[in-house]
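Peer 1: Sharing coords.cif below, mmCIF, C-alpha atoms and all ligand atoms:
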```
data_structure
#
loop_
_atom_site.label_atom_id
_atom_site.label_comp_id
_atom_site.auth_asym_id
_atom_site.auth_seq_id
_atom_site.Cartn_x
_atom_site.Cartn_y
_atom_site.Cartn_z
CA MET R 1 2.18 20.20 0.72
CA ALA R 2 4.39 17.12 1.23
CA SER R 3 3.90 15.41 4.61
CA GLU R 4 6.91 15.37 6.91
CA ILE R 5 8.80 12.07 6.62
CA ASN R 6 8.58 10.34 9.99
CA ALA R 7 8.24 6.90 11.57
CA GLN R 8 4.71 6.50 10.17
CA THR R 9 5.62 7.29 6.56
CA LYS R 10 4.47 4.49 4.28
CA LEU R 11 6.75 3.58 1.39
CA TYR R 12 5.76 2.60 -2.15
CA GLY R 13 7.91 2.27 -5.23
CA ILE R 14 8.54 1.08 -8.74
CA LEU R 15 10.68 -2.03 -9.33
CA GLY R 16 12.31 -2.27 -12.73
CA ASN R 17 15.50 -2.07 -14.76
CA PRO R 18 16.08 0.57 -15.97
CA VAL R 19 13.90 2.91 -13.88
CA GLY R 20 15.89 6.12 -14.27
CA HIS R 21 13.44 7.34 -16.95
CA SER R 22 10.32 6.67 -14.86
CA PHE R 23 7.86 9.48 -14.13
CA SER R 24 6.01 7.29 -11.62
CA PRO R 25 7.69 8.76 -8.50
CA SER R 26 6.72 12.31 -9.57
CA ILE R 27 3.10 11.48 -10.28
CA HIS R 28 2.43 9.26 -7.25
CA ASN R 29 4.14 11.67 -4.86
CA ALA R 30 2.05 14.52 -6.33
CA ALA R 31 -1.10 12.50 -5.57
CA PHE R 32 0.07 11.58 -2.03
CA ASP R 33 0.78 15.28 -1.40
CA HIS R 34 -2.58 16.35 -2.82
CA PHE R 35 -4.48 14.05 -0.46
CA GLY R 36 -2.17 14.74 2.52
CA ILE R 37 -1.26 11.03 2.75
CA ASN R 38 1.89 10.34 4.76
CA ALA R 39 3.62 8.25 2.09
CA ARG R 40 6.53 8.46 -0.35
CA TYR R 41 7.12 6.67 -3.64
CA LEU R 42 10.64 5.82 -4.84
CA ALA R 43 12.28 4.18 -7.86
CA TYR R 44 14.16 0.93 -7.19
CA GLU R 45 16.50 -0.37 -9.87
CA VAL R 46 16.50 -4.12 -9.33
CA GLU R 47 19.17 -6.42 -10.75
CA LYS R 48 17.74 -8.94 -13.20
CA HIS R 49 18.33 -11.94 -10.93
CA SER R 50 17.11 -10.21 -7.75
CA LEU R 51 13.37 -9.80 -8.26
CA PRO R 52 12.39 -12.54 -5.75
CA LEU R 53 14.58 -10.84 -3.14
CA ALA R 54 13.02 -7.46 -3.94
CA PHE R 55 9.55 -8.99 -3.40
CA GLU R 56 10.68 -10.34 -0.03
CA GLY R 57 11.89 -6.78 0.68
CA VAL R 58 8.44 -5.37 -0.08
CA ARG R 59 6.99 -7.88 2.37
CA SER R 60 9.63 -7.72 5.10
CA LEU R 61 10.06 -3.92 5.08
CA ASN R 62 6.28 -3.59 4.96
CA LEU R 63 6.04 -1.35 1.90
CA GLY R 64 2.43 -0.42 1.14
CA GLY R 65 2.82 -1.67 -2.43
CA ALA R 66 4.79 -1.40 -5.62
CA ASN R 67 4.56 -0.96 -9.34
CA ILE R 68 6.44 -3.34 -11.60
CA THR R 69 7.96 -2.25 -14.89
CA ILE R 70 10.35 -3.53 -17.59
CA PRO R 71 11.43 -6.27 -17.72
CA PHE R 72 9.71 -7.88 -14.73
CA LYS R 73 5.95 -7.85 -15.28
CA GLU R 74 5.69 -11.51 -16.25
CA GLU R 75 8.09 -12.84 -13.63
CA ALA R 76 6.30 -10.74 -10.99
CA ALA R 77 3.03 -12.57 -11.65
CA GLY R 78 4.66 -15.68 -10.18
CA LEU R 79 5.94 -13.91 -7.08
CA VAL R 80 2.72 -12.62 -5.49
CA ASP R 81 0.54 -14.66 -3.13
CA GLU R 82 -2.66 -14.07 -5.07
CA ILE R 83 -3.97 -12.40 -8.24
CA PRO R 84 -7.58 -11.61 -7.30
CA GLU R 85 -9.00 -10.66 -10.74
CA ASP R 86 -9.62 -13.46 -13.29
CA LEU R 87 -8.41 -11.49 -16.33
CA ASP R 88 -5.25 -10.28 -14.55
CA ARG R 89 -4.51 -13.92 -13.69
CA CYS R 90 -4.99 -14.95 -17.33
CA VAL R 91 -2.72 -12.18 -18.70
CA GLY R 92 0.14 -13.61 -16.65
CA ALA R 93 1.76 -10.18 -16.19
CA ILE R 94 1.23 -7.72 -13.35
CA ASN R 95 2.24 -4.10 -12.84
CA THR R 96 0.83 -3.45 -9.37
CA VAL R 97 1.40 -5.12 -6.01
CA VAL R 98 -0.69 -4.41 -2.93
CA ASN R 99 0.75 -5.47 0.44
CA LYS R 100 -2.02 -6.27 2.91
CA ASP R 101 -0.62 -7.51 6.22
CA GLY R 102 2.27 -9.31 4.54
CA MET R 103 0.13 -10.88 1.79
CA LEU R 104 1.09 -9.64 -1.67
CA TYR R 105 -1.76 -9.22 -4.19
CA GLY R 106 -1.02 -8.68 -7.89
CA TYR R 107 -3.03 -6.62 -10.39
CA ASN R 108 -2.67 -5.55 -14.00
CA THR R 109 -3.85 -1.96 -14.41
CA ASP R 110 -2.14 -1.63 -17.83
CA MET R 111 -5.14 -3.13 -19.66
CA VAL R 112 -7.67 -0.54 -18.52
CA GLY R 113 -4.96 2.13 -18.69
CA PHE R 114 -4.30 1.29 -22.34
CA LEU R 115 -7.99 1.36 -23.31
CA THR R 116 -8.45 4.66 -21.45
CA GLY R 117 -5.44 6.16 -23.24
CA LEU R 118 -6.76 5.01 -26.64
CA HIS R 119 -10.17 6.45 -25.93
CA GLU R 120 -9.05 9.75 -24.41
CA GLU R 121 -6.17 10.50 -26.76
CA LEU R 122 -7.35 9.05 -30.08
CA ASN R 123 -11.10 8.55 -29.54
CA PHE R 124 -10.42 4.98 -30.74
CA ASN R 125 -12.72 2.07 -29.90
CA PRO R 126 -11.10 -1.30 -30.77
CA GLU R 127 -14.41 -3.13 -31.26
CA GLY R 128 -14.44 -4.71 -34.75
CA LYS R 129 -11.06 -3.17 -35.61
CA ASN R 130 -7.81 -4.70 -36.96
CA VAL R 131 -4.72 -3.97 -34.91
CA LEU R 132 -0.97 -4.50 -35.39
CA VAL R 133 0.80 -4.95 -32.04
CA LEU R 134 4.60 -4.58 -31.97
CA GLY R 135 6.26 -6.43 -29.09
CA SER R 136 5.58 -9.49 -26.97
CA GLY R 137 6.70 -8.53 -23.47
CA GLY R 138 4.58 -7.74 -20.44
CA ALA R 139 3.07 -4.57 -21.90
CA ALA R 140 2.22 -6.29 -25.21
CA ARG R 141 0.43 -9.04 -23.29
CA ALA R 142 -1.72 -6.43 -21.54
CA VAL R 143 -2.41 -4.72 -24.89
CA VAL R 144 -3.43 -7.97 -26.62
CA PHE R 145 -5.73 -8.96 -23.74
CA ALA R 146 -7.23 -5.46 -23.56
CA LEU R 147 -7.91 -5.54 -27.32
CA GLY R 148 -9.41 -9.04 -27.04
CA ARG R 149 -11.62 -7.97 -24.17
CA ALA R 150 -12.70 -4.93 -26.19
CA HIS R 151 -13.75 -7.27 -29.09
CA ALA R 152 -11.14 -6.32 -31.70
CA ASN R 153 -11.77 -8.15 -34.99
CA ARG R 154 -8.14 -9.12 -35.66
CA ILE R 155 -4.82 -8.73 -33.85
CA VAL R 156 -1.50 -9.25 -35.65
CA VAL R 157 1.56 -9.52 -33.39
CA TYR R 158 5.09 -8.80 -34.60
CA ASN R 159 8.14 -9.17 -32.35
CA ARG R 160 11.93 -9.27 -32.84
CA THR R 161 11.93 -12.72 -31.22
CA PHE R 162 9.29 -14.56 -33.23
CA ASP R 163 9.01 -17.41 -30.70
CA ARG R 164 7.78 -14.97 -28.08
CA ALA R 165 5.18 -13.57 -30.48
CA GLU R 166 3.99 -17.10 -31.27
CA ALA R 167 3.86 -17.99 -27.58
CA LEU R 168 1.81 -14.88 -26.79
CA VAL R 169 -0.59 -15.58 -29.65
CA SER R 170 -1.09 -19.26 -28.87
CA TYR R 171 -1.73 -18.34 -25.24
CA ALA R 172 -4.15 -15.44 -25.90
CA ILE R 173 -6.13 -17.18 -28.64
CA ASP R 174 -7.96 -19.46 -26.19
CA PHE R 175 -9.36 -16.52 -24.24
CA PHE R 176 -10.82 -14.61 -27.19
CA PRO R 177 -12.35 -17.06 -29.70
CA GLU R 178 -14.15 -14.25 -31.55
CA THR R 179 -10.95 -12.33 -32.29
CA GLU R 180 -8.51 -13.61 -34.94
CA ILE R 181 -5.01 -13.46 -33.47
CA ASP R 182 -1.86 -14.24 -35.49
CA ALA R 183 1.89 -13.75 -35.26
CA ILE R 184 4.04 -12.63 -38.21
CA ASP R 185 7.81 -13.01 -38.40
CA ASP R 186 8.40 -10.39 -41.07
CA ILE R 187 6.92 -6.94 -40.54
CA THR R 188 6.41 -6.45 -44.28
CA ASP R 189 3.92 -9.38 -44.20
CA VAL R 190 1.44 -6.84 -42.88
CA LYS R 191 1.03 -5.79 -46.53
CA ASN R 192 -0.68 -9.15 -47.17
CA GLU R 193 -3.45 -8.53 -44.65
CA LYS R 194 -6.88 -9.01 -46.24
CA GLU R 195 -8.40 -6.09 -44.35
CA LYS R 196 -6.75 -2.76 -43.60
CA ILE R 197 -4.97 -2.24 -40.28
CA ASP R 198 -6.83 0.40 -38.23
CA LEU R 199 -4.37 0.79 -35.38
CA VAL R 200 -0.64 0.23 -34.79
CA VAL R 201 0.51 -0.12 -31.17
CA ASN R 202 4.17 0.03 -30.20
CA ALA R 203 4.50 -2.11 -27.08
CA THR R 204 8.25 -2.62 -27.46
CA SER R 205 10.67 -0.53 -25.46
CA LEU R 206 12.12 0.87 -28.71
CA GLY R 207 11.98 4.62 -29.10
CA MET R 208 12.61 5.21 -25.40
CA LYS R 209 15.18 7.94 -24.70
CA GLY R 210 18.66 6.54 -25.31
CA ASP R 211 17.28 3.27 -26.73
CA ALA R 212 17.37 2.06 -30.33
CA THR R 213 14.77 3.37 -32.76
CA LEU R 214 11.83 1.25 -33.86
CA ALA R 215 12.36 0.35 -37.50
CA MET R 216 8.83 0.34 -38.86
CA ASP R 217 7.92 1.99 -42.11
CA LEU R 218 4.30 3.04 -41.52
CA GLY R 219 4.03 3.75 -45.24
CA ILE R 220 3.68 -0.01 -45.94
CA LEU R 221 0.19 0.10 -44.43
CA GLU R 222 -1.01 2.08 -47.43
CA ASN R 223 -3.91 3.52 -45.46
CA GLU R 224 -4.49 5.93 -42.62
CA ALA R 225 -4.15 3.94 -39.42
CA SER R 226 -4.04 5.43 -35.93
CA VAL R 227 -0.74 4.98 -34.08
CA TYR R 228 -0.39 4.55 -30.32
CA ASP R 229 3.10 4.39 -28.81
CA LEU R 230 3.28 3.13 -25.22
CA VAL R 231 6.64 4.89 -24.94
CA TYR R 232 6.22 8.42 -23.52
CA ALA R 233 9.80 9.68 -23.09
CA PRO R 234 10.59 11.39 -25.41
CA ALA R 235 7.04 12.69 -25.89
CA GLN R 236 7.43 12.47 -29.65
CA THR R 237 9.07 9.14 -30.43
CA PRO R 238 10.54 8.44 -33.89
CA LEU R 239 7.46 6.29 -34.65
CA LEU R 240 5.12 9.16 -33.77
CA LYS R 241 7.17 11.60 -35.85
CA GLU R 242 6.74 9.24 -38.79
CA ALA R 243 2.97 9.02 -38.11
CA GLN R 244 2.81 12.80 -37.93
CA ARG R 245 4.64 13.08 -41.24
CA LEU R 246 2.14 10.72 -42.87
CA GLY R 247 -0.83 12.56 -41.35
CA MET R 248 -1.87 9.60 -39.17
CA PRO R 249 -3.66 10.26 -35.86
CA ASN R 250 -1.16 9.43 -33.12
CA ALA R 251 -0.54 9.59 -29.38
CA ASN R 252 2.17 8.64 -26.93
CA GLY R 253 1.72 6.58 -23.75
CA LEU R 254 1.27 9.47 -21.31
CA GLY R 255 -2.52 9.06 -21.12
CA MET R 256 -2.08 5.34 -20.45
CA LEU R 257 0.60 6.06 -17.85
CA ALA R 258 -1.69 8.39 -15.93
CA ALA R 259 -4.68 6.03 -16.21
CA GLN R 260 -2.83 2.89 -15.07
CA ALA R 261 -1.11 4.84 -12.27
CA ALA R 262 -4.43 6.26 -11.05
CA LEU R 263 -5.80 2.71 -10.80
CA SER R 264 -2.73 1.56 -8.82
CA PHE R 265 -3.16 4.55 -6.51
CA GLU R 266 -6.82 3.65 -6.00
CA LEU R 267 -5.87 0.07 -5.11
CA TRP R 268 -3.41 1.35 -2.47
CA THR R 269 -5.38 4.26 -1.01
CA GLY R 270 -9.02 3.94 -2.08
CA LYS R 271 -8.77 7.46 -3.62
CA LYS R 272 -10.25 7.76 -7.09
CA GLU R 273 -11.84 11.15 -7.72
CA GLY R 274 -9.53 13.54 -9.58
CA VAL R 275 -6.43 11.32 -9.27
CA ARG R 276 -5.81 10.97 -13.02
CA GLU R 277 -6.06 14.75 -13.50
CA ILE R 278 -3.55 15.38 -10.67
CA MET R 279 -1.20 12.86 -12.24
CA LEU R 280 -1.54 14.32 -15.74
CA GLU R 281 -0.75 17.74 -14.29
CA ALA R 282 2.36 16.34 -12.58
CA LEU R 283 3.38 14.62 -15.81
CA LYS R 284 3.30 17.91 -17.73
CA LYS R 285 5.90 19.26 -15.29
CA CYS R 286 8.15 16.24 -15.97
CA LEU R 287 8.27 16.88 -19.71
P1 LIG Z 301 9.53 -6.07 -21.75
O1 LIG Z 301 8.68 -7.09 -21.10
O2 LIG Z 301 10.97 -5.96 -21.40
O3 LIG Z 301 9.38 -6.26 -23.35
C1 LIG Z 301 10.18 -5.49 -24.23
C2 LIG Z 301 9.72 -5.70 -25.66
O4 LIG Z 301 10.51 -4.85 -26.50
C3 LIG Z 301 9.93 -7.14 -26.17
O5 LIG Z 301 8.93 -7.42 -27.13
C4 LIG Z 301 11.30 -7.03 -26.85
O6 LIG Z 301 11.51 -7.97 -27.88
C5 LIG Z 301 11.21 -5.65 -27.47
N1 LIG Z 301 12.56 -5.12 -27.69
C6 LIG Z 301 13.43 -4.68 -26.76
N2 LIG Z 301 14.58 -4.28 -27.34
C7 LIG Z 301 14.42 -4.46 -28.67
C8 LIG Z 301 15.26 -4.23 -29.82
N3 LIG Z 301 16.49 -3.71 -29.69
N4 LIG Z 301 14.75 -4.52 -31.04
C9 LIG Z 301 13.50 -5.03 -31.18
N5 LIG Z 301 12.66 -5.28 -30.14
C10 LIG Z 301 13.13 -4.99 -28.90
O7 LIG Z 301 8.94 -4.59 -21.49
P2 LIG Z 301 7.40 -4.18 -21.27
O8 LIG Z 301 7.09 -4.18 -19.84
O9 LIG Z 301 6.58 -4.99 -22.20
O10 LIG Z 301 7.42 -2.63 -21.74
C11 LIG Z 301 7.57 -2.27 -23.09
C12 LIG Z 301 7.49 -0.75 -23.23
O11 LIG Z 301 6.19 -0.27 -22.90
C13 LIG Z 301 8.46 0.02 -22.32
O12 LIG Z 301 9.01 1.10 -23.06
C14 LIG Z 301 7.58 0.56 -21.23
O13 LIG Z 301 8.08 1.76 -20.65
C15 LIG Z 301 6.30 0.84 -22.02
N6 LIG Z 301 5.11 0.84 -21.15
C16 LIG Z 301 4.39 2.01 -21.07
C17 LIG Z 301 3.26 2.04 -20.29
C18 LIG Z 301 2.46 3.30 -20.20
O14 LIG Z 301 1.71 3.44 -19.25
N7 LIG Z 301 2.58 4.18 -21.17
C19 LIG Z 301 2.84 0.91 -19.58
C20 LIG Z 301 3.58 -0.26 -19.71
C21 LIG Z 301 4.73 -0.28 -20.49
P3 LIG Z 301 12.15 -9.42 -27.56
O15 LIG Z 301 11.02 -10.28 -27.10
O16 LIG Z 301 12.72 -9.82 -28.87
O17 LIG Z 301 13.20 -9.21 -26.49
#
```
Render the structure in this file as structure tokens.
Peer 2:
Amino acid sequence: MASEINAQTKLYGILGNPVGHSFSPSIHNAAFDHFGINARYLAYEVEKHSLPLAFEGVRSLNLGGANITIPFKEEAAGLVDEIPEDLDRCVGAINTVVNKDGMLYGYNTDMVGFLTGLHEELNFNPEGKNVLVLGSGGAARAVVFALGRAHANRIVVYNRTFDRAEALVSYAIDFFPETEIDAIDDITDVKNEKEKIDLVVNATSLGMKGDATLAMDLGILENEASVYDLVYAPAQTPLLKEAQRLGMPNANGLGMLAAQAALSFELWTGKKEGVREIMLEALKKCL
């Protein structure tokens, strides 16, 4: 049962652009309702130049916290007062803000969310594996750092804007000396890899409902890789349809969404037990 909205109702929300596709309000509100917490979670579409003002809004209107989504995760890392966890600080992109008495703390729950999604949906452990990451935005950063932390053998990053891929690689390389990390500026160069690619991760926004389609011919891998698409709406993205057609194990980003959201919820409320299951249940109703 949803609590009555009154003068004590705490507000949370997602800041991004666009946010119309986001399932976050549905899943967080389901969890607030389940635990009888007097709080509501809304979607805030923020103009590209207004993120600093939105952060001041979180502080001055005393929101309990916020999630950050495309395209703001990297900029947001510079707008909080403190990033308590070392690895979150190194990633340089945050997706969760906790407001404690006017101090804004930033966290990145995408990394653990991604590894949980990989494990739960594909039973995939990145240790010793070779991975192709598509994209170089905030989500790709979290993916590369999560893979490095999980001791992947090699990470190859491809992005439309090669400079961004190079920048991500040259930044990440210092943190994970045991993982080979390279950028490629032509996707077909993946054919020249010495060892087979075990996993392809789409961390671009391509494939999202209404957005352009990711142009990647999975056939060039010439082996059976697993495919994980961070995009979750539509549930079967063009990339996943292609993986399906080629008989490759594949999953969309719903598992990651629920896992990273459950961690945000825990940071805000301290509630952990059963949260991911409640959120997954709520997600099924959104689809
Ligand atoms: P972002 O920072 O805006 O980065 C977007 C990425 O997509 C960049 O690499 C960008 O390339 C690429 N891109 C955008 N339009 C493109 C186009 N037309 N052609 C080729 N590449 C294009 O966004 P983000 O925060 O990293 O998020 C990326 C995606 O991951 C979003 O769809 C988001 O919803 C999803 N996501 C899902 C979860 C989950 O829990 N499942 C969590 C986080 C993110 P350029 O550098 O060339 O612009």
Peer 1: Could you make a table, as CSV, of the residues of stretch 91-169 of chain R that have an atom within 12 Å of an atom of stretch 4-23 of chain R, each with its nearest atom pair and distance in Å to one decimal, counting all atoms listed in the file, in chain and number order?
Peer 2:
```
residue,atom,partner,partner_atom,distance
R:Ile94,CA,R:Leu15,CA,11.7
R:Asn95,CA,R:Ile14,CA,9.1
R:Thr96,CA,R:Ile14,CA,9.0
R:Val97,CA,R:Tyr12,CA,9.7
R:Val98,CA,R:Tyr12,CA,9.6
R:Asn99,CA,R:Tyr12,CA,9.8
```
Peer 1: Give me, as a tab-separated table, the closest atom pair and its distance (Å, one decimal) for every residue of chain R within a cut-off of 7 Å of ligand LIG 301 (chain Z), counting only C-alpha atoms and all ligand atoms, rows sorted by chain and rising number.
Peer 2:
```
residue	atom	partner	partner_atom	distance
R:Thr69	CA	Z:LIG301	O8	5.4
R:Ile70	CA	Z:LIG301	O8	4.0
R:Pro71	CA	Z:LIG301	O2	3.7
R:Phe72	CA	Z:LIG301	O1	6.5
R:Lys73	CA	Z:LIG301	O8	6.0
R:Asp110	CA	Z:LIG301	C19	5.9
R:Gly113	CA	Z:LIG301	O14	6.8
R:Gly135	CA	Z:LIG301	O5	3.5
R:Ser136	CA	Z:LIG301	O5	3.9
R:Gly137	CA	Z:LIG301	O1	3.4
R:Gly138	CA	Z:LIG301	O9	3.8
R:Ala139	CA	Z:LIG301	O9	3.5
R:Ala140	CA	Z:LIG301	O9	5.5
R:Asn159	CA	Z:LIG301	O5	5.6
R:Arg160	CA	Z:LIG301	O16	4.1
R:Thr161	CA	Z:LIG301	O16	3.8
R:Arg164	CA	Z:LIG301	O15	5.8
R:Ala203	CA	Z:LIG301	O11	4.9
R:Thr204	CA	Z:LIG301	O4	3.3
R:Ser205	CA	Z:LIG301	O12	3.3
R:Leu206	CA	Z:LIG301	C7	5.8
R:Met208	CA	Z:LIG301	O12	5.9
R:Ala212	CA	Z:LIG301	N3	5.9
R:Leu230	CA	Z:LIG301	N7	4.2
R:Val231	CA	Z:LIG301	O12	4.8
R:Tyr232	CA	Z:LIG301	N7	6.1
R:Gly253	CA	Z:LIG301	N7	3.6
R:Leu254	CA	Z:LIG301	N7	5.5
R:Met256	CA	Z:LIG301	O14	4.4
R:Leu257	CA	Z:LIG301	O14	3.2
R:Ala258	CA	Z:LIG301	O14	6.9
R:Gln260	CA	Z:LIG301	O14	6.2
```
Peer 1: Please write the residues from the selection above to a file, keeping C-alpha atoms, as a compact mmCIF listing (two decimals), in the coordinates of the input.
Peer 2:
```
# COMPACT_ATOMS: atom_id res chain seq x y z
CA THR R 69 7.96 -2.25 -14.89
CA ILE R 70 10.35 -3.53 -17.59
CA PRO R 71 11.43 -6.27 -17.72
CA PHE R 72 9.71 -7.88 -14.73
CA LYS R 73 5.95 -7.85 -15.28
CA ASP R 110 -2.14 -1.63 -17.83
CA GLY R 113 -4.96 2.13 -18.69
CA GLY R 135 6.26 -6.43 -29.09
CA SER R 136 5.58 -9.49 -26.97
CA GLY R 137 6.70 -8.53 -23.47
CA GLY R 138 4.58 -7.74 -20.44
CA ALA R 139 3.07 -4.57 -21.90
CA ALA R 140 2.22 -6.29 -25.21
CA ASN R 159 8.14 -9.17 -32.35
CA ARG R 160 11.93 -9.27 -32.84
CA THR R 161 11.93 -12.72 -31.22
CA ARG R 164 7.78 -14.97 -28.08
CA ALA R 203 4.50 -2.11 -27.08
CA THR R 204 8.25 -2.62 -27.46
CA SER R 205 10.67 -0.53 -25.46
CA LEU R 206 12.12 0.87 -28.71
CA MET R 208 12.61 5.21 -25.40
CA ALA R 212 17.37 2.06 -30.33
CA LEU R 230 3.28 3.13 -25.22
CA VAL R 231 6.64 4.89 -24.94
CA TYR R 232 6.22 8.42 -23.52
CA GLY R 253 1.72 6.58 -23.75
CA LEU R 254 1.27 9.47 -21.31
CA MET R 256 -2.08 5.34 -20.45
CA LEU R 257 0.60 6.06 -17.85
CA ALA R 258 -1.69 8.39 -15.93
CA GLN R 260 -2.83 2.89 -15.07
```
Peer 1: To one decimal place, how far is atom CA of R:Ile278 from atom CA of R:Gln244 in Å?
Peer 2: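 Rounded to one decimal, the two atoms are 28.1 Å apart.
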Peer 1: Hey, which of R:Val46, R:Val133, R:Leu239, R:Cys90 ends up closest to R:Leu147? Count all atoms listed in the file.
Peer 2: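 Smallest separation from R:Leu147 among the options: R:Val133.
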Peer 1: Using all atoms listed in the file, find the one residue out of R:Ser24, R:Gln236, R:Ser60, R:Thr188 that sits nearest to R:Leu218.
Peer 2: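 Using all atoms listed in the file, the shortest distance to R:Leu218 belongs to R:Thr188.
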Peer 1: Counting all atoms listed in the file, find residues at most 12 Å from (10.1, 2.3, -39.5) (file frame) and give them as an MDAnalysis selection string.
Peer 2: chainID R and resid 134 187:188 200 202 206:207 212:221 237:243
Peer 1: What does the distance from atom CA of R:Leu118 to atom CA of R:Ala31 come to in Å, to one decimal?
Peer 2: 23.1 Å
Peer 1: So, counting all atoms listed in the file, which residue among R:Lys48, R:Arg154, R:His28, R:Lys272 is closest to R:Val169?
Peer 2: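 Using all atoms listed in the file, R:Val169 sits closest to R:Arg154.
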Peer 1: For R:Lys284, which residue among R:Lys100, R:Ala235, R:Leu267, R:Gly92 is the nearest when counting only C-alpha atoms?
Peer 2: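 Answer, going by the shortest atom-to-atom distance: R:Ala235.
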Peer 1: Do you have the atom CA of R:Glu82-atom CA of R:Asn108 distance handy?
Peer 2: 12.3 Å
Peer 1: Just checking: using only C-alpha atoms, which residue out of R:Glu120, R:Glu222, R:Glu277, R:Asp88 ends up closest to R:Ile27?
Peer 2: R:Glu277
Peer 1: Here is a test: counting only C-alpha atoms, which residue of R:Lys129, R:His119, R:Ile83, R:Gly64 is nearest to R:Gly102?
Peer 2: R:Gly64
Peer 1: Please list, as JSON, numbers by chain, the residues that have an atom at most 10 Å away from (13.3, -4.3, -2.8) in the coordinates of this file, counting only C-alpha atoms.
Peer 2: {"R": [13, 14, 15, 43, 44, 45, 46, 50, 51, 52, 53, 54, 55, 56, 57, 58, 59, 60, 61, 63, 66]}
Peer 1: Since the input is missing atoms, can you rebuild N, CA, C and O atoms for stretch 265-277 of chain R and write them as a compact mmCIF listing (two decimals), in the frame of the given file?
Peer 2:
```txt
# COMPACT_ATOMS: atom_id res chain seq x y z
N PHE R 265 -3.00 3.67 -7.68
CA PHE R 265 -3.16 4.55 -6.51
C PHE R 265 -4.48 4.24 -5.79
O PHE R 265 -4.55 4.21 -4.56
N GLU R 266 -5.51 3.99 -6.59
CA GLU R 266 -6.82 3.65 -6.00
C GLU R 266 -6.73 2.33 -5.22
O GLU R 266 -7.29 2.20 -4.13
N LEU R 267 -6.01 1.36 -5.80
CA LEU R 267 -5.87 0.07 -5.11
C LEU R 267 -5.14 0.24 -3.77
O LEU R 267 -5.43 -0.44 -2.80
N TRP R 268 -4.19 1.17 -3.71
CA TRP R 268 -3.41 1.35 -2.47
C TRP R 268 -4.13 2.22 -1.45
O TRP R 268 -4.00 2.00 -0.26
N THR R 269 -4.86 3.24 -1.94
CA THR R 269 -5.38 4.26 -1.01
C THR R 269 -6.90 4.37 -0.99
O THR R 269 -7.45 5.03 -0.12
N GLY R 270 -7.57 3.80 -1.98
CA GLY R 270 -9.02 3.94 -2.08
C GLY R 270 -9.42 5.27 -2.72
O GLY R 270 -10.59 5.53 -2.95
N LYS R 271 -8.45 6.14 -3.02
CA LYS R 271 -8.77 7.46 -3.62
C LYS R 271 -8.91 7.32 -5.12
O LYS R 271 -8.06 6.71 -5.78
N LYS R 272 -9.99 7.91 -5.66
CA LYS R 272 -10.25 7.76 -7.09
C LYS R 272 -10.51 9.11 -7.77
O LYS R 272 -9.91 9.44 -8.79
N GLU R 273 -11.40 9.88 -7.13
CA GLU R 273 -11.84 11.15 -7.72
C GLU R 273 -10.67 12.10 -7.98
O GLU R 273 -9.92 12.42 -7.06
N GLY R 274 -10.51 12.51 -9.23
CA GLY R 274 -9.53 13.54 -9.58
C GLY R 274 -8.08 13.06 -9.64
O GLY R 274 -7.18 13.85 -9.95
N VAL R 275 -7.83 11.78 -9.36
CA VAL R 275 -6.43 11.32 -9.27
C VAL R 275 -5.74 11.41 -10.64
O VAL R 275 -4.61 11.88 -10.76
N ARG R 276 -6.44 10.98 -11.69
CA ARG R 276 -5.81 10.97 -13.02
C ARG R 276 -5.44 12.40 -13.45
O ARG R 276 -4.37 12.63 -14.01
N GLU R 277 -6.32 13.36 -13.12
CA GLU R 277 -6.06 14.75 -13.50
C GLU R 277 -4.82 15.28 -12.76
O GLU R 277 -3.97 15.96 -13.34
```
